[in-house]
Every structure is written in C-alpha cells, then in structure tokens.
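File shown here: my_file-v5.pdb, holding PDB, C-alpha atoms.
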ATOM      1  CA  MET A 267       0.000   0.000   0.000
ATOM      2  CA  GLU A 268       1.389   3.358  -1.021
ATOM      3  CA  LYS A 269       2.062   5.842   1.722
ATOM      4  CA  THR A 270       0.309   9.149   1.088
ATOM      5  CA  GLU A 271       2.441  12.221   1.504
ATOM      6  CA  THR A 272       1.277  14.893   3.909
ATOM      7  CA  PRO A 273       0.428  18.054   1.912
ATOM      8  CA  ASP A 274       2.733  21.044   2.316
ATOM      9  CA  GLU A 275      -0.112  23.180   3.657
ATOM     10  CA  GLU A 276      -0.741  20.706   6.460
ATOM     11  CA  LEU A 277       2.944  20.710   7.436
ATOM     12  CA  VAL A 278       2.988  24.512   7.331
ATOM     13  CA  ARG A 279      -0.080  24.699   9.562
ATOM     14  CA  ARG A 280       1.483  22.322  12.058
ATOM     15  CA  THR A 281       4.732  24.291  12.040
ATOM     16  CA  GLN A 282       2.774  27.482  12.679
ATOM     17  CA  ALA A 283       1.165  25.722  15.633
ATOM     18  CA  GLY A 284       4.646  25.092  17.057
ATOM     19  CA  GLU A 285       5.377  21.555  15.870
ATOM     20  CA  ALA A 286       9.067  21.656  14.946
ATOM     21  CA  GLN A 287       9.065  18.149  13.436
ATOM     22  CA  ALA A 288       6.685  19.338  10.731
ATOM     23  CA  PHE A 289       9.275  21.890   9.653
ATOM     24  CA  ASP A 290      11.938  19.131   9.603
ATOM     25  CA  GLU A 291       9.728  17.315   7.125
ATOM     26  CA  LEU A 292       9.513  20.457   4.986
ATOM     27  CA  ILE A 293      13.311  20.782   5.059
ATOM     28  CA  LEU A 294      13.770  17.215   3.847
ATOM     29  CA  ARG A 295      11.181  17.787   1.160
ATOM     30  CA  PHE A 296      12.480  21.114  -0.153
ATOM     31  CA  SER A 297      16.225  21.024   0.442
ATOM     32  CA  PRO A 298      17.220  19.001  -2.678
ATOM     33  CA  ARG A 299      15.344  21.360  -4.979
ATOM     34  CA  LEU A 300      16.475  24.515  -3.210
ATOM     35  CA  TYR A 301      20.004  23.180  -3.099
ATOM     36  CA  GLY A 302      19.962  22.977  -6.900
ATOM     37  CA  LEU A 303      18.550  26.476  -7.183
ATOM     38  CA  VAL A 304      21.159  28.053  -4.907
ATOM     39  CA  TYR A 305      24.051  25.956  -6.179
ATOM     40  CA  HIS A 306      23.485  26.768  -9.833
ATOM     41  CA  MET A 307      23.387  30.451  -8.949
ATOM     42  CA  THR A 308      26.467  30.467  -6.690
ATOM     43  CA  SER A 309      28.519  27.648  -8.268
ATOM     44  CA  SER A 310      29.906  26.856  -4.849
ATOM     45  CA  HIS A 311      28.905  23.955  -2.624
ATOM     46  CA  GLU A 312      30.282  25.651   0.453
ATOM     47  CA  ASP A 313      28.318  28.831  -0.115
ATOM     48  CA  THR A 314      25.235  26.815  -1.017
ATOM     49  CA  ASN A 315      25.391  24.900   2.248
ATOM     50  CA  ASP A 316      25.699  28.082   4.337
ATOM     51  CA  LEU A 317      23.063  29.934   2.353
ATOM     52  CA  LEU A 318      20.620  27.055   2.557
ATOM     53  CA  GLN A 319      20.973  27.051   6.341
ATOM     54  CA  ASP A 320      20.209  30.778   6.388
ATOM     55  CA  ILE A 321      17.285  30.345   4.002
ATOM     56  CA  PHE A 322      15.594  27.697   6.154
ATOM     57  CA  SER A 323      16.337  29.722   9.290
ATOM     58  CA  LYS A 324      14.654  32.743   7.787
ATOM     59  CA  ALA A 325      11.721  30.655   6.577
ATOM     60  CA  TYR A 326      11.279  29.192  10.066
ATOM     61  CA  ARG A 327      11.331  32.640  11.656
ATOM     62  CA  SER A 328       8.851  34.033   9.124
ATOM     63  CA  ILE A 329       6.511  31.087   8.770
ATOM     64  CA  LYS A 330       3.939  32.559  11.161
ATOM     65  CA  GLY A 331       3.467  35.383   8.670
ATOM     66  CA  PHE A 332       2.874  32.987   5.777
ATOM     67  CA  GLN A 333      -0.801  33.368   4.940
ATOM     68  CA  GLY A 334      -1.016  30.953   2.035
ATOM     69  CA  LYS A 335      -1.649  33.608  -0.631
ATOM     70  CA  SER A 336       0.886  31.742  -2.761
ATOM     71  CA  SER A 337       1.936  28.120  -2.501
ATOM     72  CA  PHE A 338       4.576  27.279   0.075
ATOM     73  CA  TYR A 339       6.754  26.113  -2.811
ATOM     74  CA  THR A 340       6.622  29.595  -4.409
ATOM     75  CA  TRP A 341       7.154  31.287  -1.047
ATOM     76  CA  MET A 342      10.254  29.207  -0.284
ATOM     77  CA  HIS A 343      11.648  29.792  -3.755
ATOM     78  CA  SER A 344      11.146  33.557  -3.392
ATOM     79  CA  ILE A 345      13.084  33.586  -0.122
ATOM     80  CA  ALA A 346      15.841  31.442  -1.641
ATOM     81  CA  VAL A 347      16.212  33.516  -4.814
ATOM     82  CA  ASN A 348      16.164  36.870  -3.005
ATOM     83  CA  MET A 349      18.685  35.766  -0.392
ATOM     84  CA  THR A 350      20.945  34.256  -3.036
ATOM     85  CA  ILE A 351      20.862  37.378  -5.204
ATOM     86  CA  ASN A 352      21.654  39.527  -2.152
ATOM     87  CA  PHE A 353      24.516  37.193  -1.311
ATOM     88  CA  LEU A 354      25.874  37.361  -4.858
ATOM     89  CA  LYS A 355      25.708  41.142  -4.844
ATOM     90  CA  LYS A 356      27.879  41.178  -1.727
ATOM     91  CA  ARG A 357      30.274  38.543  -2.929
ATOM     92  CA  ASN A 358      32.759  39.392  -5.600
ATOM     93  CA  ARG A 359      32.611  36.944  -8.376
ATOM     94  CA  ARG A 360      35.067  34.204  -7.559
ATOM     95  CA  LYS A 361      37.782  33.551 -10.053
ATOM     96  CA  THR A 362      38.137  29.918  -9.115
ATOM     97  CA  LEU A 363      35.189  27.575  -9.145
ATOM     98  CA  SER A 364      34.740  25.271  -6.214
ATOM     99  CA  LEU A 365      33.000  22.589  -8.182
ATOM    100  CA  ASP A 366      35.765  20.017  -7.983
ATOM    101  CA  ASP A 367      34.084  17.695  -5.491
ATOM    102  CA  ALA A 368      30.857  17.546  -7.416
ATOM    103  CA  ASP A 369      32.616  17.283 -10.736
ATOM    104  CA  SER A 370      34.530  14.182  -9.845
ATOM    105  CA  GLY A 371      31.339  12.557  -8.622
ATOM    106  CA  ILE A 372      29.136  13.637 -11.476
ATOM    107  CA  LEU A 373      31.571  12.497 -14.138
ATOM    108  CA  ASN A 374      31.174   8.929 -12.917
ATOM    109  CA  ASN A 375      27.410   9.254 -12.772
ATOM    110  CA  GLN A 376      25.852   6.867 -15.295
ATOM    111  CA  ASP A 377      22.749   9.056 -15.721
ATOM    112  CA  PHE A 378      24.882  12.041 -16.583
ATOM    113  CA  ILE A 379      26.962  10.075 -19.093
ATOM    114  CA  GLU A 380      23.865   8.650 -20.750
ATOM    115  CA  ALA A 381      22.138  12.016 -20.805
ATOM    116  CA  THR A 382      25.199  13.572 -22.395
ATOM    117  CA  SER A 383      25.430  10.947 -25.091
ATOM    118  CA  ILE A 384      21.707  11.330 -25.864
ATOM    119  CA  ALA A 385      22.103  15.073 -26.091
ATOM    120  CA  ASP A 386      25.047  14.780 -28.413
ATOM    121  CA  PRO A 387      25.539  11.309 -29.847
ATOM    122  CA  SER A 388      27.595  12.404 -32.841
ATOM    123  CA  ARG A 389      30.454  13.879 -30.870
ATOM    124  CA  GLU A 390      32.729  12.513 -28.201
ATOM    125  CA  ALA A 391      32.604  15.539 -26.017
ATOM    126  CA  ASN A 392      34.886  15.838 -23.130
ATOM    127  CA  LEU A 393      32.492  15.731 -20.203
ATOM    128  CA  SER A 394      34.846  17.502 -17.922
ATOM    129  CA  GLU A 395      35.318  20.300 -20.427
ATOM    130  CA  LEU A 396      31.581  20.538 -21.019
ATOM    131  CA  GLN A 397      30.785  20.882 -17.348
ATOM    132  CA  LYS A 398      33.492  23.438 -16.854
ATOM    133  CA  ARG A 399      32.182  25.480 -19.744
ATOM    134  CA  LEU A 400      28.603  25.215 -18.537
ATOM    135  CA  ASN A 401      29.556  26.564 -15.130
ATOM    136  CA  GLU A 402      31.732  29.301 -16.527
ATOM    137  CA  SER A 403      29.025  30.418 -18.905
ATOM    138  CA  MET A 404      26.470  30.504 -16.081
ATOM    139  CA  LEU A 405      28.765  32.703 -14.017
ATOM    140  CA  LYS A 406      29.026  35.164 -16.875
ATOM    141  CA  LEU A 407      25.298  35.870 -16.745
ATOM    142  CA  SER A 408      23.909  38.633 -14.561
ATOM    143  CA  HIS A 409      22.310  37.518 -11.281
ATOM    144  CA  ASP A 410      18.795  38.102 -12.569
ATOM    145  CA  HIS A 411      19.435  36.223 -15.813
ATOM    146  CA  ARG A 412      21.107  33.391 -13.964
ATOM    147  CA  ALA A 413      18.106  33.026 -11.664
ATOM    148  CA  VAL A 414      15.731  32.743 -14.624
ATOM    149  CA  VAL A 415      17.951  30.279 -16.497
ATOM    150  CA  THR A 416      18.371  28.151 -13.372
ATOM    151  CA  MET A 417      14.656  27.935 -12.743
ATOM    152  CA  PHE A 418      13.580  27.441 -16.353
ATOM    153  CA  ASP A 419      16.353  25.501 -18.074
ATOM    154  CA  ILE A 420      17.821  23.518 -15.213
ATOM    155  CA  GLN A 421      14.885  23.049 -12.874
ATOM    156  CA  GLY A 422      12.182  22.982 -15.540
ATOM    157  CA  MET A 423       9.850  25.471 -13.867
ATOM    158  CA  PRO A 424       7.130  27.030 -16.075
ATOM    159  CA  HIS A 425       7.232  30.757 -16.934
ATOM    160  CA  ALA A 426       4.163  31.495 -14.803
ATOM    161  CA  GLU A 427       5.744  29.985 -11.695
ATOM    162  CA  ILE A 428       9.002  31.885 -12.235
ATOM    163  CA  SER A 429       7.091  35.140 -12.617
ATOM    164  CA  LYS A 430       5.406  34.524  -9.248
ATOM    165  CA  VAL A 431       8.697  33.709  -7.535
ATOM    166  CA  LEU A 432      10.474  36.777  -8.896
ATOM    167  CA  LYS A 433       7.378  39.020  -8.790
ATOM    168  CA  ILE A 434       7.872  40.072 -12.402
ATOM    169  CA  SER A 435       5.648  39.655 -15.444
ATOM    170  CA  GLU A 436       5.795  36.569 -17.641
ATOM    171  CA  GLY A 437       6.911  38.840 -20.489
ATOM    172  CA  THR A 438       9.942  39.902 -18.454
ATOM    173  CA  VAL A 439      10.737  36.257 -17.698
ATOM    174  CA  ARG A 440      10.643  35.418 -21.419
ATOM    175  CA  SER A 441      12.714  38.451 -22.333
ATOM    176  CA  ARG A 442      15.381  37.629 -19.709
ATOM    177  CA  LEU A 443      15.494  34.065 -20.975
ATOM    178  CA  PHE A 444      15.892  35.244 -24.551
ATOM    179  CA  TYR A 445      18.866  37.480 -23.754
ATOM    180  CA  ALA A 446      20.441  34.901 -21.455
ATOM    181  CA  HIS A 447      20.177  32.195 -24.127
ATOM    182  CA  ARG A 448      21.707  34.470 -26.714
ATOM    183  CA  GLN A 449      24.627  35.114 -24.383
ATOM    184  CA  LEU A 450      25.005  31.420 -23.593
ATOM    185  CA  GLN A 451      25.034  30.539 -27.293
ATOM    186  CA  ASN A 452      28.287  32.418 -27.697
ATOM    187  CA  TYR A 453      29.956  30.638 -24.812
ATOM    188  CA  LEU A 454      28.699  27.162 -25.681
ATOM    189  CA  GLN A 455      28.766  27.314 -29.451
ATOM    190  CA  GLU A 456      31.066  24.348 -29.914
ATOM    191  CA  PHE A 457      28.739  22.097 -27.898
ATOM    192  CA  ILE A 458      25.575  23.109 -29.706
ATOM    193  CA  ASP A 459      24.248  20.961 -32.556
ATOM    194  CA  LYS A 460      24.342  22.606 -35.931
TER
ATOM    195  CA  MET B 128      14.936  28.082 -31.999
ATOM    196  CA  ASP B 129      16.983  24.878 -32.500
ATOM    197  CA  ASN B 130      19.894  26.568 -30.808
ATOM    198  CA  GLU B 131      17.627  27.507 -27.915
ATOM    199  CA  ASP B 132      16.566  23.878 -27.517
ATOM    200  CA  SER B 133      20.171  22.745 -27.609
ATOM    201  CA  ILE B 134      21.087  25.221 -24.889
ATOM    202  CA  THR B 135      18.205  24.038 -22.764
ATOM    203  CA  LYS B 136      19.314  20.417 -23.292
ATOM    204  CA  LEU B 137      22.867  21.254 -22.305
ATOM    205  CA  LEU B 138      21.783  23.200 -19.233
ATOM    206  CA  ARG B 139      19.468  20.383 -18.142
ATOM    207  CA  LEU B 140      22.577  18.278 -17.672
ATOM    208  CA  LYS B 141      23.414  20.453 -14.717
ATOM    209  CA  ARG B 142      20.486  19.053 -12.760
ATOM    210  CA  TYR B 143      22.588  15.950 -12.141
ATOM    211  CA  GLU B 144      24.943  18.039 -10.052
ATOM    212  CA  GLN B 145      23.393  17.111  -6.729
ATOM    213  CA  PRO B 146      25.061  15.907  -3.579
ATOM    214  CA  PRO B 147      24.254  12.355  -2.414
ATOM    215  CA  GLU B 148      21.036  11.605  -0.506
ATOM    216  CA  GLU B 149      22.749  11.410   2.902
ATOM    217  CA  TYR B 150      23.894  14.997   2.535
ATOM    218  CA  PHE B 151      20.308  16.202   3.067
ATOM    219  CA  HIS B 152      19.877  14.151   6.248
ATOM    220  CA  ASN B 153      23.128  15.581   7.560
ATOM    221  CA  PHE B 154      21.921  18.996   6.490
ATOM    222  CA  LEU B 155      18.822  18.620   8.652
ATOM    223  CA  ALA B 156      20.931  17.543  11.638
ATOM    224  CA  GLU B 157      23.195  20.549  11.075
ATOM    225  CA  PHE B 158      20.172  22.837  10.890
ATOM    226  CA  GLN B 159      18.815  21.533  14.197
ATOM    227  CA  THR B 160      22.198  21.905  15.895
ATOM    228  CA  ARG B 161      22.509  25.434  14.600
ATOM    229  CA  GLN B 162      19.029  26.357  15.789
ATOM    230  CA  ARG B 163      19.762  25.088  19.302
ATOM    231  CA  SER B 164      23.045  26.933  19.291
ATOM    232  CA  GLU B 165      21.261  30.142  18.293
ATOM    233  CA  VAL B 166      18.842  29.738  21.203
ATOM    234  CA  ILE B 167      21.686  29.220  23.680
ATOM    235  CA  HIS B 168      23.869  32.016  22.365
ATOM    236  CA  ARG B 169      21.089  34.535  21.965
ATOM    237  CA  PRO B 170      21.898  37.966  23.397
ATOM    238  CA  LEU B 171      20.389  38.505  26.838
ATOM    239  CA  ILE B 172      18.617  41.635  25.669
ATOM    240  CA  HIS B 173      16.694  39.629  23.054
ATOM    241  CA  ILE B 174      15.602  37.040  25.600
ATOM    242  CA  ALA B 175      14.545  39.807  28.017
ATOM    243  CA  TRP B 176      12.607  41.554  25.259
ATOM    244  CA  ASP B 177      10.811  38.333  24.322
ATOM    245  CA  ARG B 178       9.778  37.773  27.925
ATOM    246  CA  PHE B 179       8.663  41.377  28.303
ATOM    247  CA  SER B 180       6.631  41.348  25.126
ATOM    248  CA  SER B 181       5.040  38.001  26.005
ATOM    249  CA  ILE B 182       3.352  39.751  28.951
ATOM    250  CA  PHE B 183       1.399  41.853  26.499
ATOM    251  CA  VAL B 184       0.511  39.077  24.147
ATOM    252  CA  MET B 185      -3.009  39.682  22.898
ATOM    253  CA  PRO B 186      -5.252  37.185  21.177
ATOM    254  CA  PRO B 187      -5.589  37.864  17.450
ATOM    255  CA  ILE B 188      -8.272  40.497  16.859
ATOM    256  CA  PRO B 189     -10.272  40.356  13.637
ATOM    257  CA  LYS B 190      -9.544  43.333  11.388
ATOM    258  CA  LEU B 191     -13.204  44.485  11.304
ATOM    259  CA  ALA B 192     -13.502  44.553  15.086
ATOM    260  CA  MET B 193     -10.179  46.360  15.382
ATOM    261  CA  GLY B 194     -11.258  48.918  12.775
ATOM    262  CA  SER B 195     -14.627  49.508  14.449
ATOM    263  CA  SER B 196     -12.973  50.065  17.823
ATOM    264  CA  VAL B 197     -10.531  52.573  16.387
ATOM    265  CA  LEU B 198     -13.336  54.395  14.544
ATOM    266  CA  ALA B 199     -15.446  54.549  17.705
ATOM    267  CA  ALA B 200     -12.505  55.927  19.675
ATOM    268  CA  VAL B 201     -11.837  58.591  17.022
ATOM    269  CA  LEU B 202     -15.507  59.659  16.886
ATOM    270  CA  THR B 203     -15.759  59.858  20.676
ATOM    271  CA  THR B 204     -12.617  61.987  20.870
ATOM    272  CA  ALA B 205     -13.885  64.263  18.090
ATOM    273  CA  PHE B 206     -17.249  64.688  19.876
ATOM    274  CA  ILE B 207     -15.611  65.549  23.199
ATOM    275  CA  LEU B 208     -13.290  68.091  21.580
ATOM    276  CA  ASN B 209     -16.153  69.672  19.634
ATOM    277  CA  TRP B 210     -18.327  69.914  22.757
ATOM    278  CA  SER B 211     -15.639  71.635  24.796
ATOM    279  CA  ASP B 212     -15.041  74.167  21.976
ATOM    280  CA  ASP B 213     -18.723  75.267  22.181
ATOM    281  CA  VAL B 214     -18.302  76.342  25.809
ATOM    282  CA  GLU B 215     -16.322  79.533  25.382
ATOM    283  CA  PRO B 216     -14.847  81.212  28.429
ATOM    284  CA  SER B 217     -16.568  84.341  29.802
ATOM    285  CA  SER B 218     -14.847  87.595  29.143
ATOM    286  CA  LEU B 219     -14.237  90.685  31.269
ATOM    287  CA  THR B 220     -14.806  94.121  29.722
ATOM    288  CA  LEU B 221     -14.150  97.555  31.107
ATOM    289  CA  THR B 222     -17.204  99.839  30.864
ATOM    290  CA  SER B 223     -17.000 103.580  30.268
ATOM    291  CA  SER B 224     -17.973 104.164  33.895
ATOM    292  CA  GLY B 225     -14.843 102.371  34.951
ATOM    293  CA  ALA B 226     -16.639  99.268  36.120
ATOM    294  CA  VAL B 227     -15.397  95.899  35.054
ATOM    295  CA  GLN B 228     -18.144  93.917  33.383
ATOM    296  CA  LEU B 229     -18.245  90.144  33.184
ATOM    297  CA  ASP B 230     -20.058  89.001  30.008
ATOM    298  CA  SER B 231     -21.222  85.486  29.662
ATOM    299  CA  LYS B 232     -22.425  84.357  26.243
ATOM    300  CA  ASN B 233     -23.547  81.016  27.511
ATOM    301  CA  GLN B 234     -26.504  81.762  29.731
ATOM    302  CA  SER B 235     -28.475  78.631  30.142
ATOM    303  CA  SER B 236     -31.477  80.170  31.934
ATOM    304  CA  PRO B 237     -34.501  79.868  29.631
ATOM    305  CA  SER B 238     -36.343  82.798  31.309
ATOM    306  CA  LYS B 239     -33.702  85.266  30.206
ATOM    307  CA  VAL B 240     -33.437  84.359  26.568
ATOM    308  CA  GLY B 241     -32.307  87.420  24.556
ATOM    309  CA  SER B 242     -31.267  89.423  27.607
ATOM    310  CA  THR B 243     -27.713  89.802  28.819
ATOM    311  CA  VAL B 244     -26.882  89.504  32.470
ATOM    312  CA  HIS B 245     -24.248  91.986  33.618
ATOM    313  CA  TYR B 246     -22.137  91.474  36.639
ATOM    314  CA  VAL B 247     -20.887  94.956  37.631
ATOM    315  CA  LEU B 248     -17.845  95.050  39.807
ATOM    316  CA  PRO B 249     -16.618  98.244  41.539
ATOM    317  CA  ALA B 250     -13.892  99.968  39.575
ATOM    318  CA  ILE B 251     -11.732 100.510  42.636
ATOM    319  CA  PRO B 252     -10.912  97.571  44.862
ATOM    320  CA  VAL B 253     -12.119  97.806  48.435
ATOM    321  CA  SER B 254      -8.610  97.839  49.769
ATOM    322  CA  TYR B 255      -7.942 101.146  47.894
ATOM    323  CA  VAL B 256     -10.926 102.993  49.435
ATOM    324  CA  SER B 257      -9.699 105.596  51.869
ATOM    325  CA  ALA B 258     -10.653 104.955  55.475
ATOM    326  CA  ARG B 259     -11.569 108.645  55.916
ATOM    327  CA  SER B 260     -14.013 109.009  53.089
ATOM    328  CA  PHE B 261     -17.344 110.606  54.061
TER
END
Would you write out, as structure tokens, the structure that this file holds?
Amino acid sequence: MEKTETPDEELVRRTQAGEAQAFDELILRFSPRLYGLVYHMTSSHEDTNDLLQDIFSKAYRSIKGFQGKSSFYTWMHSIAVNMTINFLKKRNRRKTLSLDDADSGILNNQDFIEATSIADPSREANLSELQKRLNESMLKLSHDHRAVVTMFDIQGMPHAEISKVLKISEGTVRSRLFYAHRQLQNYLQEFIDK
Amino acid sequence: MDNEDSITKLLRLKRYEQPPEEYFHNFLAEFQTRQRSEVIHRPLIHIAWDRFSSIFVMPPIPKLAMGSSVLAAVLTTAFILNWSDDVEPSSLTLTSSGAVQLDSKNQSSPSKVGSTVHYVLPAIPVSYVSARSF
C-alpha cells in the first residue's frame, strides 16, 4: 500500500502551531530542490550549504506570517532567490570555481553520461570540459538572468511559476530568458548541434 | 529556436549536479544543531525583550472589530473636543464708567433668553478705598 504524503499546507499549519518536526519534514522535502537552485546560482557547494541554512532559518522565523496567498513552494523559492541574489551582490565573483568535489562525482554518474550521449551522440565531447564550460558560462550571466535560467532551463519550472517567484511579469521572464540564451550561445557554441 | 533547444538540453545536464542523498539528512541535523546553538547564544537583551513582550501578548483580533474600535474611539474623541469648543470662556470688559463687566455668552437660563446679564464690579478695589471718606 502506497504511503500518502502529507500536503505542504498541512505541514505549514502544524509548524505554525509550534510543531518543529513538521518543519523538519519540509526541510527534507524542499532542500534538494532549493540546493539545486542556490548551487546553480552560486557555483559553490560551500556557499550553497551556508546559504541554505540561512534560508531555512529565515523561513522558520517568518513562517507565522505565511498566509497561504501563494503556494509554500513559491514562497520558499522567493526567499531562496532573493537571499541568493543579495549574497551574490555582496560577494565578488570568484575567479576559481569550487565545483571540484561535485565534478569528480558527477563524471562517474551513469545518468549524466547517458544524458550527455543522448544530447550529443555524434560527438565525443569531453564531459569535464563541457561541465566546466557550462559553469563558466552561467557565471558570466547577470544575477537576474542566472536566476531565470536556473529555474527554467535547469529546474524545468514554467514561466508562470518563475514570474510569481520573482514578482515580475511573464513577459519579463521570457525576455530575460531570450537574452540569457543568446549570451550562452556564444559561450557554448562548440557544444551546440548545428 | 533549434539553438535555444540545444542550450536548454545542455543546461538540463546540470540538474545531475546534486550531492548524495545522505547529505540532506546531515543537512537537517546541522540545521537543528545550529538552531539550538542560536537559542543558547542569543543575546540577553533579546531574551529579556521576548519575555517582556510576552506579557502583552493579545489574542488575534479580527480586522473588522479592530477597525470599528478605532473608529469609535476617534468619533468619541472628536465629539468631546467639539463639545468643549462650544463652551467659550466668559470675558471681562471695562465699561466707560470704569466698572469691570463680566459678560457670559452662555446663559443657560430659559427665562432670560435674549437678555444679557451683567455682573458689575466696583472699579476701585475695596482695599484702595480711603478709610476717611465721608
């Protein structure tokens, strides 16, 4: 028999009533997705770990004010994106990427290898080079463009959801994506199918 | 448009860059430890403020009730202020005969409607009257 998952709203309500375990459940549920969001914007596992701690701390402190006007998912993403952009504004862009730990792991990941060969079967691309270039090209985008690309291209969020998270119109989301893609095309030209 | 799709495909590869499952369980443990540490190392002033403010904790008041109470308070204050403005202070005038006259515009006696009551005081105080005046 399949175990039914407690809805987010129920966990939020219980957290608001003072049940800390309900918030633990929300952390386990949301941390993988938020980790991806923050990591692809910062390109640093260390910073992502610290920021994610701050993001959940802030969410826990503010959860009593959450009135359910948007979904909890959107609310959490808004906090994460805003805090990450603020962090990036303060931090000077790092010259060296701290992706080494993840890289070594991901390059042995069968899913990643298969996905890469499906994406580009005609060329024996150097996976290490590809990942390096992907990260470098992401870091060249502005913070706002990077946030949109992360949510749309990497996380697969729809335009409408992104517009709610960033509190901008869908038109602005599409326009940011357009300019970001055009910029990325230049950096990743050799990996793009012709 | 093909280029756009290719970029999206390439970027989607980045979603595999995730730490292992156990990282998130450790993350939760780290979060709990940090929270406890924050409680212990909280500045004394914050703890004192929390305790002080908890004395005045009020149950949540519906917005309509709160609004009505404020409106009632404002109207009552306005009425009281308006009422006290109507009652003007009496004034003292000096008549040509040298007597000081106290005029009151707010005579409430219904029998004397339209008439003015004059209180005539001697021009010279009693203490100035010479003892040898005949």
Give, as AutoDock Vina command-line options, the centre coordinates and the x, y and z edge lengths in Å to one decimal for an axis-aligned box around all listed atoms of segment 312-326 of chain A, padded by 4 Å on each side.
--center_x 20.8 --center_y 28.8 --center_z 4.5 --size_x 27.0 --size_y 15.8 --size_z 19.1
Discussion item. Counting only C-alpha atoms, I want the residues whose atoms come within 9 Å of (15.0, 36.7, -16.1) in the file frame, returned as an MDAnalysis selection string.
Written reply: chainID A and resid 409:415 428:429 432 434 438:446
Fill in: Point-to-point distance in Å for atom CA of Leu354 of chain A and atom CA of Ala325 of chain A
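For atom CA of Ala325 of chain A relative to atom CA of Leu354 of chain A, the distance reads 19.4 Å.
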Quick one: which residues from chain A are at most 6 Å off chain B, using all atoms listed in the file, as an mmCIF file with C-alpha atoms, keeping the file's coordinate frame?
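Listed below is the output, iface.cif:
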data_model
loop_
_atom_site.group_PDB
_atom_site.id
_atom_site.type_symbol
_atom_site.label_atom_id
_atom_site.label_comp_id
_atom_site.auth_asym_id
_atom_site.auth_seq_id
_atom_site.Cartn_x
_atom_site.Cartn_y
_atom_site.Cartn_z
ATOM 1 C CA ASP A 419 16.353 25.501 -18.074
ATOM 2 C CA ILE A 420 17.821 23.518 -15.213
ATOM 3 C CA ILE A 458 25.575 23.109 -29.706
#
So what does the PyMOL selection byres ((chain A and resi 455) around 12) actually pick up in this one, as a JSON list (two decimals) with C-alpha atoms, in the coordinates of the input?
[["chain", "number", "residue", "atom", "x", "y", "z"],
["A", 396, "LEU", "CA", 31.58, 20.54, -21.02],
["A", 399, "ARG", "CA", 32.18, 25.48, -19.74],
["A", 400, "LEU", "CA", 28.60, 25.22, -18.54],
["A", 403, "SER", "CA", 29.02, 30.42, -18.90],
["A", 447, "HIS", "CA", 20.18, 32.20, -24.13],
["A", 448, "ARG", "CA", 21.71, 34.47, -26.71],
["A", 449, "GLN", "CA", 24.63, 35.11, -24.38],
["A", 450, "LEU", "CA", 25.00, 31.42, -23.59],
["A", 451, "GLN", "CA", 25.03, 30.54, -27.29],
["A", 452, "ASN", "CA", 28.29, 32.42, -27.70],
["A", 453, "TYR", "CA", 29.96, 30.64, -24.81],
["A", 454, "LEU", "CA", 28.70, 27.16, -25.68],
["A", 456, "GLU", "CA", 31.07, 24.35, -29.91],
["A", 457, "PHE", "CA", 28.74, 22.10, -27.90],
["A", 458, "ILE", "CA", 25.58, 23.11, -29.71],
["A", 459, "ASP", "CA", 24.25, 20.96, -32.56],
["A", 460, "LYS", "CA", 24.34, 22.61, -35.93],
["B", 130, "ASN", "CA", 19.89, 26.57, -30.81],
["B", 131, "GLU", "CA", 17.63, 27.51, -27.92],
["B", 133, "SER", "CA", 20.17, 22.74, -27.61],
["B", 134, "ILE", "CA", 21.09, 25.22, -24.89],
["B", 137, "LEU", "CA", 22.87, 21.25, -22.30]]
Worksheet item: So what does the PyMOL selection byres ((chain A and resi 287-299) around 8) actually pick up in this one, as a VMD selection string?
Response: (chain A and resid 274 277 to 278 280 to 281 285 to 286 300 to 303 318 322 326) or (chain B and resid 145 151 to 152 155)
Worksheet item: Where does the PyMOL selection byres ((chain A and resi 430) around 12) land in this file, that is, which residues does it pick, as number ranges by chain?
Response: A: 335-345, 347, 414, 417, 423-429, 431-436, 438-439
Practice prompt. Rounded to one decimal place, report the atom CA of Glu271 of chain A-atom CA of Ser328 of chain A distance in Å.
Written response: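 Taking atom CA of Glu271 of chain A as the start and atom CA of Ser328 of chain A as the end point, the length is 24.0 Å.
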Worksheet item: So what do you get for atom CA of Arg327 of chain A versus atom CA of Glu165 of chain B, distance-wise?
Response: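 Distance reported for this atom pair: 12.2 Å.
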